[in-house]
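The file entry-v7.txt comes next; it holds compact mmCIF, C-alpha atoms.
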# COMPACT_ATOMS: atom_id res chain seq x y z
CA MET U 24 3.63 20.81 16.67
CA GLN U 25 1.22 18.75 14.58
CA LYS U 26 -1.26 20.69 12.48
CA ILE U 27 -4.94 19.70 12.44
CA LEU U 28 -7.16 21.33 9.83
CA ILE U 29 -10.80 21.93 10.79
CA ILE U 30 -13.22 21.91 7.85
CA GLU U 31 -16.49 22.95 9.48
CA ASP U 32 -18.82 25.79 8.44
CA ASP U 33 -20.40 26.23 11.89
CA LYS U 34 -18.19 28.95 13.40
CA THR U 35 -19.08 28.08 16.98
CA ILE U 36 -18.14 24.42 16.53
CA SER U 37 -14.97 25.20 14.56
CA ASN U 38 -13.80 27.69 17.21
CA GLU U 39 -14.53 25.15 19.97
CA LEU U 40 -12.53 22.51 18.11
CA LYS U 41 -9.64 24.89 17.55
CA GLU U 42 -9.52 25.83 21.23
CA MET U 43 -9.68 22.18 22.28
CA LEU U 44 -6.86 21.25 19.91
CA ASN U 45 -4.66 24.18 20.92
CA ASN U 46 -5.14 23.27 24.58
CA SER U 47 -4.06 19.69 23.74
CA ASN U 48 -0.72 20.71 22.17
CA TYR U 49 -1.92 20.62 18.57
CA GLU U 50 -2.10 23.52 16.15
CA GLY U 51 -5.75 23.89 15.20
CA ILE U 52 -6.31 25.60 11.85
CA ILE U 53 -9.77 26.58 10.59
CA LEU U 54 -10.38 26.39 6.83
CA LYS U 55 -11.67 29.75 5.59
CA ASP U 56 -12.09 29.29 1.84
CA PHE U 57 -14.63 26.52 1.21
CA ASN U 58 -14.79 27.41 -2.47
CA ASN U 59 -11.17 26.28 -2.89
CA ALA U 60 -11.03 23.67 -0.14
CA LEU U 61 -8.84 21.15 -1.96
CA LYS U 62 -6.27 23.78 -2.93
CA GLN U 63 -6.20 25.09 0.65
CA ILE U 64 -5.65 21.59 2.06
CA ILE U 65 -2.65 21.06 -0.22
CA GLU U 66 -1.16 24.45 0.71
CA ILE U 67 -1.67 23.99 4.47
CA ASN U 68 -0.49 20.35 4.33
CA PRO U 69 -1.94 19.37 7.74
CA ASP U 70 -1.09 16.23 9.68
CA LEU U 71 -4.80 15.39 10.09
CA ILE U 72 -8.16 16.77 8.96
CA LEU U 73 -11.46 16.99 10.85
CA LEU U 74 -14.00 17.08 8.04
CA ASP U 75 -17.72 17.79 8.32
CA ILE U 76 -20.01 16.17 5.75
CA ASN U 77 -22.23 19.23 5.27
CA ILE U 78 -19.95 22.01 4.03
CA PRO U 79 -20.55 24.74 1.42
CA TYR U 80 -19.82 24.23 -2.30
CA MET U 81 -18.75 20.60 -2.01
CA ASN U 82 -20.14 17.76 0.11
CA GLY U 83 -17.51 16.58 2.60
CA GLU U 84 -17.58 13.03 1.27
CA VAL U 85 -16.99 14.30 -2.28
CA LEU U 86 -14.11 16.46 -1.04
CA LEU U 87 -12.63 13.43 0.70
CA LYS U 88 -12.92 11.37 -2.47
CA GLU U 89 -11.11 14.09 -4.45
CA LEU U 90 -8.43 14.44 -1.76
CA ARG U 91 -7.69 10.71 -1.83
CA LYS U 92 -6.67 10.98 -5.51
CA THR U 93 -3.52 12.84 -4.46
CA SER U 94 -3.07 12.56 -0.69
CA ASN U 95 -3.14 10.09 2.21
CA ILE U 96 -3.55 12.75 4.93
CA PRO U 97 -5.54 11.14 7.78
CA VAL U 98 -9.18 12.28 7.89
CA ILE U 99 -11.79 11.99 10.63
CA MET U 100 -15.33 12.69 9.47
CA VAL U 101 -17.28 14.86 11.94
CA THR U 102 -21.02 15.08 11.33
CA SER U 103 -24.41 15.41 12.98
CA LYS U 104 -25.77 12.61 10.81
CA LYS U 105 -26.15 9.23 12.47
CA SER U 106 -26.98 7.15 9.43
CA GLU U 107 -24.93 3.98 8.94
CA VAL U 108 -24.97 4.77 5.22
CA ASP U 109 -22.99 7.97 5.83
CA GLU U 110 -20.46 6.07 7.93
CA VAL U 111 -20.04 3.37 5.31
CA LEU U 112 -19.68 5.93 2.51
CA SER U 113 -17.14 7.99 4.46
CA MET U 114 -15.00 4.94 5.18
CA SER U 115 -15.27 3.71 1.59
CA TYR U 116 -14.06 7.10 0.34
CA GLY U 117 -10.98 6.84 2.55
CA ALA U 118 -11.85 8.29 5.97
CA ASP U 119 -9.68 6.97 8.80
CA ASP U 120 -12.42 7.31 11.41
CA TYR U 121 -15.86 8.77 12.01
CA VAL U 122 -17.47 10.69 14.91
CA THR U 123 -20.93 12.23 15.29
CA LYS U 124 -22.00 15.53 16.82
CA PRO U 125 -22.42 16.35 19.60
CA TYR U 126 -19.02 14.72 19.97
CA ASN U 127 -17.29 13.65 23.15
CA PRO U 128 -14.07 15.78 23.32
CA THR U 129 -12.13 13.10 25.18
CA LEU U 130 -13.14 10.43 22.67
CA LEU U 131 -12.27 12.68 19.73
CA LEU U 132 -8.82 13.44 21.17
CA LEU U 133 -8.20 9.73 21.73
CA LYS U 134 -9.10 9.03 18.10
CA ILE U 135 -6.85 11.85 16.88
CA ASN U 136 -3.95 10.64 19.02
CA ALA U 137 -4.35 7.02 17.89
CA ILE U 138 -4.50 7.90 14.20
CA LEU U 139 -1.51 10.26 14.35
CA LYS U 140 0.55 7.69 16.24
CA ARG U 141 -0.31 5.01 13.70
CA TYR U 142 0.35 7.30 10.77
CA THR U 143 3.62 8.64 12.15
CA SER U 144 4.90 5.12 12.79
CA GLN U 145 4.26 4.27 9.13
CA ILE U 146 6.23 7.22 7.80
CA SER U 147 9.73 6.41 6.69
CA THR U 148 12.14 8.80 5.05
CA ILE U 149 14.56 8.29 2.19
CA ASN U 150 17.65 10.41 1.64
CA TYR U 151 18.63 10.98 -1.97
CA HIS U 152 21.34 13.39 -3.14
CA GLY U 153 20.81 15.80 -0.26
CA ILE U 154 17.02 15.79 -0.25
CA THR U 155 14.64 13.98 2.10
CA ILE U 156 11.76 12.03 0.60
CA ILE U 157 8.74 11.14 2.74
CA PRO U 158 6.77 8.64 0.63
CA ASN U 159 3.70 8.32 2.86
CA LYS U 160 3.21 12.09 2.85
CA GLY U 161 4.15 12.60 -0.80
CA ILE U 162 6.76 15.22 0.10
CA ILE U 163 10.34 15.95 -0.87
CA LYS U 164 12.27 18.31 1.38
CA LYS U 165 15.39 20.40 0.85
CA ALA U 166 16.35 22.29 4.04
CA ASP U 167 13.16 24.17 5.02
CA LYS U 168 11.59 23.88 1.57
CA GLU U 169 8.83 21.32 1.03
CA ILE U 170 7.64 20.24 -2.41
CA ILE U 171 4.42 18.26 -2.64
CA LEU U 172 4.15 15.43 -5.15
CA THR U 173 0.93 14.07 -6.58
CA LYS U 174 0.05 10.46 -5.79
CA ASN U 175 1.16 9.32 -9.26
CA GLU U 176 4.45 11.23 -9.04
CA MET U 177 5.18 9.64 -5.65
CA ILE U 178 4.39 6.14 -6.93
CA ILE U 179 6.74 6.67 -9.89
CA LEU U 180 9.54 8.13 -7.75
CA ASN U 181 9.21 5.38 -5.15
CA PHE U 182 9.39 2.70 -7.85
CA LEU U 183 12.46 4.33 -9.41
CA LEU U 184 14.11 4.58 -5.98
CA ASN U 185 13.49 0.89 -5.37
CA ASN U 186 15.24 0.18 -8.68
CA ILE U 187 17.90 2.90 -8.50
CA GLY U 188 20.73 2.41 -10.97
CA ASN U 189 18.69 -0.03 -13.06
CA ILE U 190 16.58 0.61 -16.13
CA THR U 191 12.84 0.72 -15.45
CA SER U 192 10.64 0.20 -18.49
CA ARG U 193 7.51 2.24 -19.17
CA ASP U 194 5.52 -0.99 -18.94
CA ASP U 195 6.91 -1.59 -15.44
CA LEU U 196 5.81 1.89 -14.35
CA MET U 197 2.38 1.49 -15.94
CA THR U 198 1.92 -1.84 -14.16
CA GLU U 199 2.96 -0.31 -10.82
CA LEU U 200 0.44 2.50 -11.25
CA TRP U 201 -2.30 0.06 -12.19
CA ASN U 202 -1.45 -2.09 -9.16
CA ASN U 203 -2.06 1.02 -7.04
CA LYS U 204 -5.42 1.56 -8.81
CA GLU U 205 -4.08 4.63 -10.63
CA TYR U 206 -5.38 4.27 -14.16
CA ILE U 207 -3.03 6.13 -16.45
CA ASN U 208 -2.28 6.03 -20.18
CA ASP U 209 1.05 6.30 -21.98
CA ASN U 210 0.80 10.05 -22.59
CA ALA U 211 -0.15 10.71 -18.96
CA LEU U 212 2.93 8.75 -17.85
CA SER U 213 5.16 11.06 -19.92
CA VAL U 214 3.50 14.11 -18.35
CA ASN U 215 4.00 12.71 -14.83
CA ILE U 216 7.67 11.92 -15.52
CA SER U 217 8.18 15.47 -16.82
CA ARG U 218 6.51 17.02 -13.76
CA LEU U 219 8.53 14.80 -11.43
CA ARG U 220 11.76 15.90 -13.12
CA ASN U 221 10.78 19.55 -12.70
CA LYS U 222 10.01 19.09 -8.99
CA LEU U 223 13.30 17.29 -8.39
CA LYS U 224 15.06 20.11 -10.23
CA GLU U 225 13.23 22.60 -7.98
CA ALA U 226 14.67 20.68 -5.02
CA GLY U 227 18.16 21.11 -6.44
CA ILE U 228 18.67 17.85 -8.36
CA ASP U 229 19.10 18.50 -12.07
CA ASN U 230 18.00 15.73 -14.46
CA PRO U 231 18.27 12.71 -12.13
CA ILE U 232 15.87 10.66 -14.29
CA GLU U 233 17.67 9.65 -17.46
CA THR U 234 15.71 8.45 -20.49
CA ARG U 235 17.09 5.36 -22.22
CA LYS U 236 15.61 5.33 -25.70
CA GLY U 237 13.58 2.22 -26.39
CA GLN U 238 14.25 0.90 -22.89
CA GLY U 239 12.74 3.21 -20.27
CA TYR U 240 14.17 5.30 -17.43
CA ILE U 241 16.97 5.08 -14.93
CA LEU U 242 17.29 7.01 -11.68
CA LYS U 243 20.92 8.03 -11.28

Translate this file's structure into structure tokens.
Amino acid sequence: MQKILIIEDDKTISNELKEMLNNSNYEGIILKDFNNALKQIIEINPDLILLDINIPYMNGEVLLKELRKTSNIPVIMVTSKKSEVDEVLSMSYGADDYVTKPYNPTLLLLKINAILKRYTSQISTINYHGITIIPNKGIIKKADKEIILTKNEMIILNFLLNNIGNITSRDDLMTELWNNKEYINDNALSVNISRLRNKLKEAGIDNPIETRKGQGYILK
């Protein structure tokens, strides 16, 4: 069952959304801790988010902007505002769609269904030494265990996988990150490689990324 996270501080609306989603064969989950919204999103790892603009502690558009630094989880902005500026800003920050309150339940469900179908069709999996890698979700899986990668870690792993068995230079990795608009310096690359190694080790693969001194890295 696909999980949909509701980020809405109006309890009546959030409960109505949850009931509607549960009745439509989704698992509706209401965010409780607005003070640590980003952390909660990562821990829950939903398939889609319904995000209100006006939420406590952090404006919904700002939260979306922060989320997009590490995740491509589909997001539909839900708000009572009807300004075109809000719509443009939401889409520019990475929202997949936008609805206003009072919303039409049928229309909202159609939007949710369309986005999830599109997103699911884009997801491909890669099998590597007994683990499953889902690039579009930034996840590596070993049995029932899921390990979430940051956007930079996923870009690096994906690039190494596409060049498996061959040496990849640090310059190649830096260029790939820049091409994905991830601005990273040489020290940050080393940190990301180290974290990626640790997460792969956590998944049961010990030291798959070999360092070739003066040349770069090779994924074994």

Do a neighbour search on Leu242 of chain U at 8 Å with all atoms listed in the file, toss out local chain neighbours closer than 3 positions, and write the hits as a JSON list (two decimals) with C-alpha atoms, keeping the file's coordinate frame.
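The resulting file, selection-v5.json, is reproduced below:
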[["chain", "number", "residue", "atom", "x", "y", "z"],
["U", 183, "LEU", "CA", 12.46, 4.33, -9.41],
["U", 184, "LEU", "CA", 14.11, 4.58, -5.98],
["U", 186, "ASN", "CA", 15.24, 0.18, -8.68],
["U", 187, "ILE", "CA", 17.90, 2.90, -8.50],
["U", 188, "GLY", "CA", 20.73, 2.41, -10.97],
["U", 189, "ASN", "CA", 18.69, -0.03, -13.06],
["U", 190, "ILE", "CA", 16.58, 0.61, -16.13],
["U", 231, "PRO", "CA", 18.27, 12.71, -12.13],
["U", 232, "ILE", "CA", 15.87, 10.66, -14.29],
["U", 233, "GLU", "CA", 17.67, 9.65, -17.46]]

Lys160 of chain U surroundings by all atoms listed in the file, 9 Å radius, close-in-sequence under 4 positions cut, as a VMD selection string: chain U and resid 94 to 96 146 156 171 to 172

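Between atom CA of Leu219 of chain U and atom CA of Ile241 of chain U lies a distance of 13.3 Å.
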
My list of candidates is U:Ile154, U:Thr129, U:Gly237, U:Asn68. Which is closest to Ala166 of chain U when distances are computed with only C-alpha atoms? U:Ile154

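Distance check against Asp119 of chain U using all atoms listed in the file: of U:Ile157, U:Leu73, U:Thr93, U:Lys34, the minimum falls on U:Leu73.
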
For Lys174 of chain U, list every protein, DNA or RNA residue within 12 Å, evaluated using only C-alpha atoms, and leave out those in the same chain fewer than 2 positions away; present the list as a PyMOL selection string. chain U and resi 89-96+158-162+171-172+176-181+200+203-207+215+219
